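File shown: query38.pdb (PDB, C-alpha atoms).
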```pdb
ATOM      1  CA  MET A   1       5.124  55.827  18.427
ATOM      2  CA  ASP A   2       2.818  55.103  21.330
ATOM      3  CA  SER A   3       4.405  54.928  24.770
ATOM      4  CA  GLN A   4       2.790  51.539  25.311
ATOM      5  CA  GLY A   5       5.407  49.840  23.136
ATOM      6  CA  PRO A   6       6.340  49.031  19.531
ATOM      7  CA  TYR A   7       3.641  48.132  17.050
ATOM      8  CA  LEU A   8       5.705  45.504  15.256
ATOM      9  CA  ASN A   9       6.429  42.113  16.732
ATOM     10  CA  LYS A  10      10.224  41.822  16.850
ATOM     11  CA  ARG A  11      10.032  38.060  17.416
ATOM     12  CA  ALA A  12       8.319  37.688  14.054
ATOM     13  CA  LEU A  13      11.336  39.332  12.416
ATOM     14  CA  CYS A  14      14.354  38.512  14.572
ATOM     15  CA  SER A  15      13.899  34.893  15.607
ATOM     16  CA  PRO A  16      14.545  31.451  14.099
ATOM     17  CA  LEU A  17      10.829  31.217  13.272
ATOM     18  CA  GLY A  18      10.904  34.592  11.562
ATOM     19  CA  ALA A  19      14.024  33.604   9.611
ATOM     20  CA  ALA A  20      12.302  30.433   8.419
ATOM     21  CA  ARG A  21       9.306  32.430   7.176
ATOM     22  CA  LEU A  22      11.547  34.952   5.424
ATOM     23  CA  CYS A  23      13.273  32.051   3.653
ATOM     24  CA  GLN A  24       9.859  30.710   2.653
ATOM     25  CA  LEU A  25       8.926  34.074   1.150
ATOM     26  CA  ALA A  26      12.247  34.463  -0.665
ATOM     27  CA  MET A  27      12.323  30.941  -2.115
ATOM     28  CA  GLY A  28       8.598  30.952  -2.907
ATOM     29  CA  CYS A  29       8.909  34.252  -4.750
ATOM     30  CA  ALA A  30      11.925  32.949  -6.672
ATOM     31  CA  VAL A  31      10.072  29.782  -7.695
ATOM     32  CA  ILE A  32       7.011  31.648  -8.992
ATOM     33  CA  ALA A  33       9.135  34.274 -10.773
ATOM     34  CA  MET A  34      11.266  31.684 -12.582
ATOM     35  CA  VAL A  35       8.250  29.606 -13.606
ATOM     36  CA  VAL A  36       6.472  32.655 -15.028
ATOM     37  CA  HIS A  37       9.642  34.095 -16.592
ATOM     38  CA  SER A  38      11.087  31.151 -18.473
ATOM     39  CA  ALA A  39      10.701  27.728 -16.848
ATOM     40  CA  GLY A  40       7.013  27.389 -17.660
ATOM     41  CA  TYR A  41       4.605  24.559 -16.929
ATOM     42  CA  SER A  42       2.148  22.400 -18.837
ATOM     43  CA  GLY A  43      -0.521  19.795 -18.257
ATOM     44  CA  SER A  44      -2.496  19.099 -15.109
ATOM     45  CA  GLN A  45       0.726  18.307 -13.218
ATOM     46  CA  GLY A  46       2.186  21.727 -14.006
ATOM     47  CA  VAL A  47      -1.056  23.475 -13.077
ATOM     48  CA  PHE A  48      -1.034  21.682  -9.722
ATOM     49  CA  CYS A  49       2.569  22.724  -9.043
ATOM     50  CA  ILE A  50       2.092  26.407  -9.833
ATOM     51  CA  ALA A  51      -1.192  26.440  -7.879
ATOM     52  CA  ALA A  52       0.524  24.863  -4.858
ATOM     53  CA  TRP A  53       3.415  27.342  -4.973
ATOM     54  CA  CYS A  54       1.131  30.362  -5.351
ATOM     55  CA  PHE A  55      -1.231  29.218  -2.602
ATOM     56  CA  CYS A  56       1.571  28.537  -0.125
ATOM     57  CA  PHE A  57       3.270  31.845  -0.948
ATOM     58  CA  ALA A  58       0.043  33.795  -0.421
ATOM     59  CA  MET A  59      -0.647  31.938   2.819
ATOM     60  CA  THR A  60       2.860  32.697   4.118
ATOM     61  CA  VAL A  61       2.522  36.388   3.233
ATOM     62  CA  VAL A  62      -0.701  36.600   5.244
ATOM     63  CA  VAL A  63       0.746  34.690   8.221
ATOM     64  CA  PHE A  64       3.944  36.753   8.277
ATOM     65  CA  PHE A  65       2.069  40.061   7.979
ATOM     66  CA  LEU A  66      -0.438  39.236  10.720
ATOM     67  CA  ASP A  67       2.309  37.998  13.036
ATOM     68  CA  ALA A  68       4.603  40.973  12.418
ATOM     69  CA  THR A  69       1.826  43.525  12.983
ATOM     70  CA  ARG A  70       0.182  41.592  15.865
ATOM     71  CA  LEU A  71      -3.137  41.801  14.024
ATOM     72  CA  HIS A  72      -3.720  38.087  14.555
ATOM     73  CA  SER A  73      -4.998  38.976  18.020
ATOM     74  CA  CYS A  74      -8.085  40.411  16.302
ATOM     75  CA  LEU A  75      -8.960  37.070  14.720
ATOM     76  CA  PRO A  76     -11.215  34.533  16.480
ATOM     77  CA  VAL A  77      -8.711  31.713  15.994
ATOM     78  CA  SER A  78      -5.994  29.913  17.919
ATOM     79  CA  TRP A  79      -2.970  31.519  16.274
ATOM     80  CA  ASP A  80      -0.414  28.878  17.299
ATOM     81  CA  ASN A  81      -2.611  26.069  15.992
ATOM     82  CA  LEU A  82      -3.329  27.937  12.757
ATOM     83  CA  THR A  83       0.318  28.677  11.953
ATOM     84  CA  VAL A  84       1.645  25.170  12.624
ATOM     85  CA  THR A  85      -1.245  23.687  10.606
ATOM     86  CA  SER A  86      -0.492  26.017   7.701
ATOM     87  CA  ALA A  87       3.226  25.204   7.840
ATOM     88  CA  ALA A  88       2.606  21.448   7.925
ATOM     89  CA  PHE A  89       0.176  21.648   5.011
ATOM     90  CA  ALA A  90       2.573  23.829   3.000
ATOM     91  CA  THR A  91       5.390  21.353   3.665
ATOM     92  CA  LEU A  92       3.327  18.532   2.170
ATOM     93  CA  MET A  93       2.311  20.662  -0.804
ATOM     94  CA  TYR A  94       5.912  21.653  -1.509
ATOM     95  CA  VAL A  95       7.163  18.085  -1.132
ATOM     96  CA  THR A  96       4.625  16.957  -3.732
ATOM     97  CA  ALA A  97       5.386  19.824  -6.113
ATOM     98  CA  SER A  98       9.153  19.299  -5.711
ATOM     99  CA  VAL A  99       8.707  15.712  -6.905
ATOM    100  CA  VAL A 100       6.023  16.213  -9.566
ATOM    101  CA  TYR A 101       7.558  19.235 -11.340
ATOM    102  CA  PRO A 102      10.986  17.752 -12.189
ATOM    103  CA  LEU A 103       9.398  14.378 -12.935
ATOM    104  CA  PHE A 104       7.236  15.845 -15.720
ATOM    105  CA  HIS A 105       9.178  18.947 -16.775
ATOM    106  CA  VAL A 106      12.923  18.344 -16.334
ATOM    107  CA  GLN A 107      14.767  16.314 -18.966
ATOM    108  CA  SER A 108      18.420  15.389 -19.261
ATOM    109  CA  GLU A 109      18.658  16.735 -22.808
ATOM    110  CA  CYS A 110      17.783  20.274 -23.779
ATOM    111  CA  PRO A 111      14.173  20.724 -25.004
ATOM    112  CA  TYR A 112      13.221  22.518 -28.199
ATOM    113  CA  ALA A 113      13.272  25.875 -26.389
ATOM    114  CA  GLY A 114      16.954  25.514 -25.543
ATOM    115  CA  CYS A 115      19.062  24.739 -22.504
ATOM    116  CA  ASP A 116      18.013  27.942 -20.728
ATOM    117  CA  VAL A 117      14.558  26.488 -20.114
ATOM    118  CA  ARG A 118      16.021  23.298 -18.694
ATOM    119  CA  ASN A 119      18.370  25.257 -16.438
ATOM    120  CA  PHE A 120      15.518  27.410 -15.164
ATOM    121  CA  ARG A 121      13.487  24.294 -14.425
ATOM    122  CA  LEU A 122      16.398  22.823 -12.491
ATOM    123  CA  ALA A 123      16.673  26.079 -10.538
ATOM    124  CA  VAL A 124      12.928  25.955  -9.817
ATOM    125  CA  THR A 125      13.329  22.434  -8.449
ATOM    126  CA  VAL A 126      16.248  23.445  -6.211
ATOM    127  CA  CYS A 127      14.419  26.501  -4.838
ATOM    128  CA  SER A 128      11.305  24.412  -4.262
ATOM    129  CA  ILE A 129      13.319  21.888  -2.248
ATOM    130  CA  LEU A 130      14.899  24.708  -0.204
ATOM    131  CA  CYS A 131      11.457  26.138   0.477
ATOM    132  CA  THR A 132      10.303  22.691   1.570
ATOM    133  CA  LEU A 133      13.131  22.647   4.119
ATOM    134  CA  ALA A 134      12.138  26.125   5.327
ATOM    135  CA  TYR A 135       8.552  25.028   5.932
ATOM    136  CA  GLY A 136       9.796  21.872   7.615
ATOM    137  CA  ALA A 137      11.998  24.022   9.857
ATOM    138  CA  GLU A 138       8.953  26.055  10.923
ATOM    139  CA  VAL A 139       7.104  22.864  11.810
ATOM    140  CA  ALA A 140      10.117  21.636  13.785
ATOM    141  CA  LEU A 141      10.410  24.951  15.642
ATOM    142  CA  SER A 142       6.694  24.975  16.472
ATOM    143  CA  ARG A 143       6.443  21.305  17.373
ATOM    144  CA  ALA A 144       5.740  20.391  20.987
ATOM    145  CA  ARG A 145       8.676  18.944  22.878
ATOM    146  CA  PRO A 146       8.298  15.676  24.841
ATOM    147  CA  GLY A 147       7.235  16.191  28.439
ATOM    148  CA  GLN A 148       6.087  19.774  28.123
ATOM    149  CA  THR A 149       2.523  20.939  28.699
ATOM    150  CA  VAL A 150       0.960  21.621  25.315
ATOM    151  CA  VAL A 151      -1.299  24.575  24.592
ATOM    152  CA  GLY A 152      -1.614  24.008  20.836
ATOM    153  CA  TYR A 153      -2.920  20.575  19.905
ATOM    154  CA  MET A 154      -1.773  20.961  16.286
ATOM    155  CA  ALA A 155       1.832  21.277  17.511
ATOM    156  CA  THR A 156       1.741  17.731  18.881
ATOM    157  CA  PRO A 157       2.586  14.638  16.806
ATOM    158  CA  SER A 158      -1.114  13.757  16.832
ATOM    159  CA  GLY A 159      -2.070  17.168  15.471
ATOM    160  CA  LEU A 160       0.572  17.055  12.747
ATOM    161  CA  LEU A 161      -0.579  13.572  11.799
ATOM    162  CA  LYS A 162      -4.079  14.983  11.313
ATOM    163  CA  VAL A 163      -2.716  17.275   8.589
ATOM    164  CA  VAL A 164      -0.910  14.387   6.892
ATOM    165  CA  GLN A 165      -4.039  12.214   7.063
ATOM    166  CA  GLY A 166      -6.091  14.906   5.371
ATOM    167  CA  PHE A 167      -3.459  15.344   2.668
ATOM    168  CA  VAL A 168      -3.292  11.597   1.983
ATOM    169  CA  ALA A 169      -7.086  11.517   1.813
ATOM    170  CA  CYS A 170      -6.959  14.211  -0.893
ATOM    171  CA  ILE A 171      -4.604  11.966  -2.896
ATOM    172  CA  ILE A 172      -7.109   9.120  -2.503
ATOM    173  CA  PHE A 173      -9.971  11.339  -3.697
ATOM    174  CA  GLY A 174      -7.915  12.411  -6.713
ATOM    175  CA  ALA A 175      -7.293   8.782  -7.631
ATOM    176  CA  LEU A 176     -10.980   7.943  -7.141
ATOM    177  CA  ALA A 177     -11.951  10.743  -9.507
ATOM    178  CA  ASN A 178      -9.524   9.479 -12.172
ATOM    179  CA  SER A 179     -11.564   6.622 -13.700
ATOM    180  CA  SER A 180     -11.324   4.358 -10.646
ATOM    181  CA  GLU A 181     -14.675   2.612 -11.379
ATOM    182  CA  TYR A 182     -15.507   2.603  -7.669
ATOM    183  CA  SER A 183     -19.258   2.542  -8.372
ATOM    184  CA  ARG A 184     -19.215  -0.992  -9.825
ATOM    185  CA  TYR A 185     -19.673  -2.735  -6.458
ATOM    186  CA  ALA A 186     -21.406  -1.836  -3.217
ATOM    187  CA  ALA A 187     -18.253  -2.803  -1.305
ATOM    188  CA  THR A 188     -16.099  -0.239  -3.125
ATOM    189  CA  ILE A 189     -18.794   2.403  -2.630
ATOM    190  CA  TYR A 190     -18.614   1.575   1.077
ATOM    191  CA  CYS A 191     -14.868   2.236   0.957
ATOM    192  CA  VAL A 192     -15.448   5.646  -0.632
ATOM    193  CA  VAL A 193     -17.950   6.485   2.111
ATOM    194  CA  VAL A 194     -15.336   5.475   4.705
ATOM    195  CA  PHE A 195     -12.701   7.696   3.096
ATOM    196  CA  ALA A 196     -15.105  10.646   2.975
ATOM    197  CA  PHE A 197     -16.386  10.171   6.528
ATOM    198  CA  CYS A 198     -12.903   9.870   8.026
ATOM    199  CA  PHE A 199     -11.716  12.919   6.103
ATOM    200  CA  ALA A 200     -14.707  14.925   7.353
ATOM    201  CA  LEU A 201     -14.112  13.783  10.935
ATOM    202  CA  THR A 202     -10.428  14.729  10.723
ATOM    203  CA  ALA A 203     -11.348  18.103   9.249
ATOM    204  CA  VAL A 204     -13.800  18.723  12.099
ATOM    205  CA  VAL A 205     -11.088  18.088  14.699
ATOM    206  CA  VAL A 206      -8.647  20.406  12.898
ATOM    207  CA  VAL A 207     -11.220  23.187  12.418
ATOM    208  CA  MET A 208     -12.362  22.983  16.045
ATOM    209  CA  THR A 209      -8.762  23.247  17.202
ATOM    210  CA  VAL A 210      -7.778  26.104  14.890
ATOM    211  CA  CYS A 211     -10.945  28.053  15.721
ATOM    212  CA  GLY A 212     -10.451  27.516  19.460
ATOM    213  CA  ARG A 213     -13.736  25.646  19.859
ATOM    214  CA  THR A 214     -12.389  22.672  21.789
ATOM    215  CA  LYS A 215     -14.949  23.274  24.532
ATOM    216  CA  ALA A 216     -17.809  22.729  22.065
ATOM    217  CA  VAL A 217     -17.811  19.029  22.955
ATOM    218  CA  ARG A 218     -19.813  19.082  26.184
ATOM    219  CA  CYS A 219     -20.137  15.398  26.946
ATOM    220  CA  MET A 220     -16.383  14.724  27.240
ATOM    221  CA  PRO A 221     -13.005  16.498  27.273
ATOM    222  CA  PHE A 222     -11.611  17.360  23.868
ATOM    223  CA  ASP A 223      -8.603  15.051  24.212
ATOM    224  CA  ARG A 224     -10.940  12.119  24.881
ATOM    225  CA  PHE A 225     -13.097  13.170  21.918
ATOM    226  CA  VAL A 226      -9.987  13.052  19.696
ATOM    227  CA  VAL A 227      -9.122   9.542  20.902
ATOM    228  CA  VAL A 228     -12.685   8.291  20.294
ATOM    229  CA  CYS A 229     -12.704   9.751  16.757
ATOM    230  CA  THR A 230      -9.265   8.320  15.988
ATOM    231  CA  LEU A 231     -10.246   4.843  17.191
ATOM    232  CA  LEU A 232     -13.354   4.946  14.984
ATOM    233  CA  GLU A 233     -11.219   6.027  12.022
ATOM    234  CA  VAL A 234      -8.737   3.209  12.648
ATOM    235  CA  LEU A 235     -11.512   0.615  12.570
ATOM    236  CA  LEU A 236     -13.097   2.077   9.444
ATOM    237  CA  TYR A 237      -9.800   2.347   7.571
ATOM    238  CA  LEU A 238      -8.905  -1.199   8.588
ATOM    239  CA  SER A 239     -12.071  -2.459   6.920
ATOM    240  CA  ALA A 240     -11.562  -0.313   3.815
ATOM    241  CA  SER A 241      -7.912  -1.356   3.478
ATOM    242  CA  VAL A 242      -9.048  -4.993   3.330
ATOM    243  CA  VAL A 243     -12.231  -4.630   1.277
ATOM    244  CA  TRP A 244     -10.846  -2.374  -1.486
ATOM    245  CA  PRO A 245      -8.027  -4.702  -2.719
ATOM    246  CA  VAL A 246     -10.323  -7.735  -2.620
ATOM    247  CA  PHE A 247     -12.980  -6.139  -4.834
ATOM    248  CA  CYS A 248     -10.440  -4.511  -7.171
ATOM    249  CA  PHE A 249      -7.714  -7.106  -7.698
ATOM    250  CA  ASP A 250      -9.293 -10.504  -7.035
ATOM    251  CA  THR A 251      -9.912 -12.450 -10.237
ATOM    252  CA  LYS A 252     -13.604 -12.745  -9.372
ATOM    253  CA  TYR A 253     -14.111  -8.962  -9.435
ATOM    254  CA  GLY A 254     -11.125  -7.509 -11.277
ATOM    255  CA  SER A 255      -7.591  -8.237 -12.406
ATOM    256  CA  PRO A 256      -4.457  -8.643 -10.270
ATOM    257  CA  TRP A 257      -2.354  -7.515 -13.263
ATOM    258  CA  ARG A 258      -2.390  -4.278 -15.222
ATOM    259  CA  PRO A 259      -4.207  -4.737 -18.578
ATOM    260  CA  SER A 260      -1.894  -4.223 -21.531
ATOM    261  CA  SER A 261      -4.534  -2.169 -23.351
ATOM    262  CA  CYS A 262      -4.947   0.255 -20.449
ATOM    263  CA  PRO A 263      -4.202   3.871 -21.549
ATOM    264  CA  GLN A 264      -1.385   5.690 -19.784
ATOM    265  CA  GLY A 265      -2.690   8.297 -17.344
ATOM    266  CA  LYS A 266      -6.326   7.170 -17.609
ATOM    267  CA  CYS A 267      -6.062   3.550 -16.515
ATOM    268  CA  PRO A 268      -8.623   2.481 -13.886
ATOM    269  CA  TRP A 269      -6.217  -0.208 -12.646
ATOM    270  CA  ASP A 270      -3.566   2.420 -11.828
ATOM    271  CA  SER A 271      -6.092   4.493  -9.878
ATOM    272  CA  LYS A 272      -7.158   1.411  -7.921
ATOM    273  CA  VAL A 273      -3.541   0.702  -6.989
ATOM    274  CA  VAL A 274      -3.069   4.297  -5.781
ATOM    275  CA  VAL A 275      -6.213   4.054  -3.635
ATOM    276  CA  ALA A 276      -5.137   0.692  -2.197
ATOM    277  CA  VAL A 277      -1.621   1.901  -1.318
ATOM    278  CA  PHE A 278      -2.632   5.206   0.218
ATOM    279  CA  SER A 279      -5.582   3.724   2.115
ATOM    280  CA  PHE A 280      -3.084   1.448   3.848
ATOM    281  CA  VAL A 281      -0.764   4.429   4.406
ATOM    282  CA  ASN A 282      -3.582   6.360   6.049
ATOM    283  CA  PHE A 283      -4.486   3.342   8.166
ATOM    284  CA  VAL A 284      -0.910   3.286   9.507
ATOM    285  CA  LEU A 285      -1.080   7.051  10.132
ATOM    286  CA  TYR A 286      -4.316   6.693  12.092
ATOM    287  CA  VAL A 287      -2.807   3.887  14.196
ATOM    288  CA  ALA A 288       0.204   6.097  14.975
ATOM    289  CA  ASP A 289      -2.188   8.952  15.753
ATOM    290  CA  LEU A 290      -4.111   6.754  18.182
ATOM    291  CA  ILE A 291      -0.877   5.844  19.976
ATOM    292  CA  TYR A 292       0.275   9.442  20.244
ATOM    293  CA  SER A 293      -3.172  10.662  21.318
ATOM    294  CA  GLN A 294      -2.805   8.655  24.525
ATOM    295  CA  ARG A 295       0.278  10.669  25.496
ATOM    296  CA  ILE A 296      -0.980  14.198  24.907
ATOM    297  CA  ARG A 297      -1.389  16.538  27.846
ATOM    298  CA  PHE A 298      -3.546  19.545  27.139
ATOM    299  CA  ALA A 299      -3.345  22.884  28.906
ATOM    300  CA  SER A 300      -7.041  23.709  29.019
ATOM    301  CA  SER A 301      -9.397  25.440  31.344
ATOM    302  CA  HIS A 302     -10.460  22.203  33.005
ATOM    303  CA  ARG A 303      -6.871  21.671  34.233
ATOM    304  CA  PRO A 304      -6.826  21.830  38.043
ATOM    305  CA  THR A 305      -5.251  24.983  39.442
ATOM    306  CA  ARG A 306      -2.575  24.846  42.079
ATOM    307  CA  SER A 307      -3.050  26.876  45.207
ATOM    308  CA  ARG A 308      -0.214  29.232  46.057
ATOM    309  CA  VAL A 309       1.377  28.821  49.424
TER
END
```
Output the file's structure as structure tokens, nothing else.
Amino acid sequence: MDSQGPYLNKRALCSPLGAARLCQLAMGCAVIAMVVHSAGYSGSQGVFCIAAWCFCFAMTVVVFFLDATRLHSCLPVSWDNLTVTSAAFATLMYVTASVVYPLFHVQSECPYAGCDVRNFRLAVTVCSILCTLAYGAEVALSRARPGQTVVGYMATPSGLLKVVQGFVACIIFGALANSSEYSRYAATIYCVVVFAFCFALTAVVVVMTVCGRTKAVRCMPFDRFVVVCTLLEVLLYLSASVVWPVFCFDTKYGSPWRPSSCPQGKCPWDSKVVVAVFSFVNFVLYVADLIYSQRIRFASSHRPTRSRV
């Protein structure tokens, strides 16, 4: 060993944050092993679940390894912002998978393969929920406390809301791609453009923060830039949340009731309802983001220095 000190980061191993990540690895590995061994998956819902579990497990392995070996200092990123963003995104992915998998794969009676398959699927659901709690614990441990000076923007409520907004936007895009018939009217096309523009703007803020490029905005401080972007997104989502239901469910343009002949899983009316609900959800999230953005205090280089007496 070098006399300069240990190579491994003890805080990554022997701390509440390290314990949360070890639980994520253990539960994530158990989930994937049981699904591959006997629980199984089928359909697009099952593919999404196994993809979410594998992606989050791989991401956690990389984060834990880089943190334990201190190699993250070699990366041109803001490590604190990257880790809390990854944990928040993984939490949302696991929440979705923990709901979707039992909904489509767990039955009260034993399937044709026997009760062992059902029991394994129940165990997968339990481990997935436990892993969700572990990721949520990491977000809670990394989250900025009220009144403290914040170095990592993604650790603030506003930063965490950015991750949720992006995730909800992905749900909207999935519904749009599932026979939503958004191209029938110019107004609904406008709504799709709003969803895409706001998602891109949110992604730009997150990428700039994670990559440590908050000084790239030269005309204004980064915190003001975030508030300006959020206000624009609030106004755009407000318009889309009003326009979309009118042009999808008004009797002049569509139907306020679900057609009886609409096929299950491929019904345009269902997709329109999903878009309408989650566009309103994202509008509420952007309003909350705008409120929280006013209260953020950044620790940046333009902060005035105090002279020592």
- request: Just the residues within 7 Å of Val275 (chain A), please, counting all atoms listed in the file, with nothing from its chain fewer than 3 positions along; format it as a ChimeraX atom specification.
  value: /A:172,175,271-272,278-279
Give one line per residue of region 67-179 of chain A that approaches region 24-35 of chain A to at most 10 Å, naming the two atoms of the closest pair and their distance in Å to one decimal, counting all atoms listed in the file; sort by chain then ascending residue number and deliver it as JSON lines.
```
{"residue": "A:Tyr94", "atom": "CA", "partner": "A:Gly28", "partner_atom": "CA", "distance": 9.8}
{"residue": "A:Val117", "atom": "CA", "partner": "A:Val35", "partner_atom": "CA", "distance": 9.6}
{"residue": "A:Phe120", "atom": "CA", "partner": "A:Met34", "partner_atom": "CA", "distance": 6.6}
{"residue": "A:Arg121", "atom": "CA", "partner": "A:Val35", "partner_atom": "CA", "distance": 7.5}
{"residue": "A:Ala123", "atom": "CA", "partner": "A:Met34", "partner_atom": "CA", "distance": 8.1}
{"residue": "A:Val124", "atom": "CA", "partner": "A:Val31", "partner_atom": "CA", "distance": 5.2}
{"residue": "A:Thr125", "atom": "CA", "partner": "A:Val31", "partner_atom": "CA", "distance": 8.1}
{"residue": "A:Val126", "atom": "CA", "partner": "A:Val31", "partner_atom": "CA", "distance": 9.0}
{"residue": "A:Cys127", "atom": "CA", "partner": "A:Met27", "partner_atom": "CA", "distance": 5.6}
{"residue": "A:Ser128", "atom": "CA", "partner": "A:Val31", "partner_atom": "CA", "distance": 6.5}
{"residue": "A:Ile129", "atom": "CA", "partner": "A:Met27", "partner_atom": "CA", "distance": 9.1}
{"residue": "A:Leu130", "atom": "CA", "partner": "A:Met27", "partner_atom": "CA", "distance": 7.0}
{"residue": "A:Cys131", "atom": "CA", "partner": "A:Gln24", "partner_atom": "CA", "distance": 5.3}
{"residue": "A:Thr132", "atom": "CA", "partner": "A:Gln24", "partner_atom": "CA", "distance": 8.1}
{"residue": "A:Leu133", "atom": "CA", "partner": "A:Gln24", "partner_atom": "CA", "distance": 8.8}
{"residue": "A:Ala134", "atom": "CA", "partner": "A:Gln24", "partner_atom": "CA", "distance": 5.8}
{"residue": "A:Tyr135", "atom": "CA", "partner": "A:Gln24", "partner_atom": "CA", "distance": 6.7}
{"residue": "A:Glu138", "atom": "CA", "partner": "A:Gln24", "partner_atom": "CA", "distance": 9.5}
```
- request: Tell me, as number ranges by chain, which residues lie within 6 Å of region 10-19 of chain A, counting only C-alpha atoms; anything in the same chain fewer than 2 positions away does not count.
  value: A: 21-22, 68, 138
- prompt: Hey, what's within 7 Å of region 227-231 of chain A if we count all atoms listed in the file and toss same-chain stuff fewer than 2 positions away? As JSON, numbers by chain, please?
  reply: {"A": [223, 224, 225, 233, 234, 235, 286, 290, 293]}
Hey, could you make a per-residue contact list for region 57-106 of chain A against region 38-49 of chain A with 8 Å as the cut-off, showing the nearest pair of atoms and its distance in Å to one decimal, counting all atoms listed in the file, sorted by chain and number, as CSV?
```
residue,atom,partner,partner_atom,distance
A:Ala97,CA,A:Cys49,CA,5.0
A:Val100,CA,A:Gln45,CA,6.8
A:Tyr101,CA,A:Gly46,CA,6.5
A:Phe104,CA,A:Gln45,CA,7.4
A:His105,CA,A:Tyr41,CA,7.2
```
Excluding Val205 (chain A) and residues on its chain fewer than 2 positions from it, collect all residues at most 9 Å away from it, counting all atoms listed in the file, and give them as a compact mmCIF listing (two decimals) with C-alpha atoms, in the frame of the given file.
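Resulting contents of part.txt:
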```txt
# COMPACT_ATOMS: atom_id res chain seq x y z
CA LYS A 162 -4.08 14.98 11.31
CA ALA A 200 -14.71 14.92 7.35
CA LEU A 201 -14.11 13.78 10.94
CA THR A 202 -10.43 14.73 10.72
CA ALA A 203 -11.35 18.10 9.25
CA VAL A 207 -11.22 23.19 12.42
CA MET A 208 -12.36 22.98 16.05
CA THR A 209 -8.76 23.25 17.20
CA VAL A 210 -7.78 26.10 14.89
CA THR A 214 -12.39 22.67 21.79
CA PHE A 225 -13.10 13.17 21.92
CA VAL A 226 -9.99 13.05 19.70
CA CYS A 229 -12.70 9.75 16.76
```
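This file gives the following result for the PyMOL selection byres ((chain A and resi 281) around 12): Leu161, Val164, Gln165, Gly166, Phe167, Val168, Ala169, Ile171, Ile172, Val234, Tyr237, Leu238, Ala240, Ser241, Val274, Val275, Ala276, Val277, Phe278, Ser279, Phe280, Asn282, Phe283, Val284, Leu285, Tyr286, Val287 and Ala288 of chain A.
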May I have the selected residues written with C-alpha atoms, as an mmCIF file, keeping the file's coordinate frame?
```cif
data_model
loop_
_atom_site.group_PDB
_atom_site.id
_atom_site.type_symbol
_atom_site.label_atom_id
_atom_site.label_comp_id
_atom_site.auth_asym_id
_atom_site.auth_seq_id
_atom_site.Cartn_x
_atom_site.Cartn_y
_atom_site.Cartn_z
ATOM 1 C CA LEU A 161 -0.579 13.572 11.799
ATOM 2 C CA VAL A 164 -0.910 14.387 6.892
ATOM 3 C CA GLN A 165 -4.039 12.214 7.063
ATOM 4 C CA GLY A 166 -6.091 14.906 5.371
ATOM 5 C CA PHE A 167 -3.459 15.344 2.668
ATOM 6 C CA VAL A 168 -3.292 11.597 1.983
ATOM 7 C CA ALA A 169 -7.086 11.517 1.813
ATOM 8 C CA ILE A 171 -4.604 11.966 -2.896
ATOM 9 C CA ILE A 172 -7.109 9.120 -2.503
ATOM 10 C CA VAL A 234 -8.737 3.209 12.648
ATOM 11 C CA TYR A 237 -9.800 2.347 7.571
ATOM 12 C CA LEU A 238 -8.905 -1.199 8.588
ATOM 13 C CA ALA A 240 -11.562 -0.313 3.815
ATOM 14 C CA SER A 241 -7.912 -1.356 3.478
ATOM 15 C CA VAL A 274 -3.069 4.297 -5.781
ATOM 16 C CA VAL A 275 -6.213 4.054 -3.635
ATOM 17 C CA ALA A 276 -5.137 0.692 -2.197
ATOM 18 C CA VAL A 277 -1.621 1.901 -1.318
ATOM 19 C CA PHE A 278 -2.632 5.206 0.218
ATOM 20 C CA SER A 279 -5.582 3.724 2.115
ATOM 21 C CA PHE A 280 -3.084 1.448 3.848
ATOM 22 C CA ASN A 282 -3.582 6.360 6.049
ATOM 23 C CA PHE A 283 -4.486 3.342 8.166
ATOM 24 C CA VAL A 284 -0.910 3.286 9.507
ATOM 25 C CA LEU A 285 -1.080 7.051 10.132
ATOM 26 C CA TYR A 286 -4.316 6.693 12.092
ATOM 27 C CA VAL A 287 -2.807 3.887 14.196
ATOM 28 C CA ALA A 288 0.204 6.097 14.975
#
```
- prompt: Do you have the CA of Thr188 (chain A)-CA of Val246 (chain A) distance handy?
  reply: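 Interatomic distance, CA of Thr188 (chain A) to CA of Val246 (chain A): 9.5 Å.
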Show me, as JSON, the centre and edge lengths in Å to one decimal of the axis-aligned box that covers every listed atom of region 72-77 of chain A with 4 Å on each side.
```
{"center_x": -7.5, "center_y": 36.1, "center_z": 16.3, "size_x": 15.5, "size_y": 16.7, "size_z": 11.5}
```
field: Separation of CA of Leu236 (chain A) from CA of Cys191 (chain A) in Å
entry: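 Atom-to-atom, CA of Cys191 (chain A) and CA of Leu236 (chain A) are spaced 8.7 Å apart.
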task: Give me, please, the distance in Å between CA of Pro263 (chain A) and CA of Leu122 (chain A), quoted to one decimal.
output: 29.4 Å
message: Calculated over all atoms listed in the file, which of the candidates A:His37, A:Asn9, A:Leu160, A:Ala187 has the smallest distance to Asp116 (chain A)?
response: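 Distance minimum relative to Asp116 (chain A) lands on A:His37.
Selection check: the PyMOL selection byres ((chain A and resi 155) around 8) on the shown file gives Asp80, Asn81, Val84, Thr85, Val139, Ser142, Arg143, Ala144, Val150, Gly152, Tyr153, Met154, Thr156, Pro157, Gly159 and Leu160 of chain A.
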- request: Using only C-alpha atoms, find the one residue out of A:Gly254, A:Pro268, A:Pro102, A:Pro259 that sits nearest to Tyr185 (chain A).
  value: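 For Tyr185 (chain A), the nearest of the given residues is A:Gly254.
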query: In terms of the shortest atom-to-atom distance over all atoms listed in the file, which of A:Ala177, A:Cys198, A:Leu8, A:Ala20 is closest to Leu71 (chain A)?
result: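 Among the listed residues, A:Leu8 lies closest to Leu71 (chain A).
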If we count all atoms listed in the file, what is near region 56-62 of chain A at a cut-off of 7 Å, once residues fewer than 2 positions away on the same chain are taken out, given as a short mmCIF file (atom, residue, chain, number, x, y, z; two decimals) with C-alpha atoms, keeping the file's coordinate frame?
```cif
data_model
loop_
_atom_site.label_atom_id
_atom_site.label_comp_id
_atom_site.auth_asym_id
_atom_site.auth_seq_id
_atom_site.Cartn_x
_atom_site.Cartn_y
_atom_site.Cartn_z
CA LEU A 25 8.93 34.07 1.15
CA GLY A 28 8.60 30.95 -2.91
CA ALA A 52 0.52 24.86 -4.86
CA TRP A 53 3.42 27.34 -4.97
CA CYS A 54 1.13 30.36 -5.35
CA PHE A 64 3.94 36.75 8.28
CA PHE A 65 2.07 40.06 7.98
CA LEU A 66 -0.44 39.24 10.72
CA ALA A 90 2.57 23.83 3.00
#
```
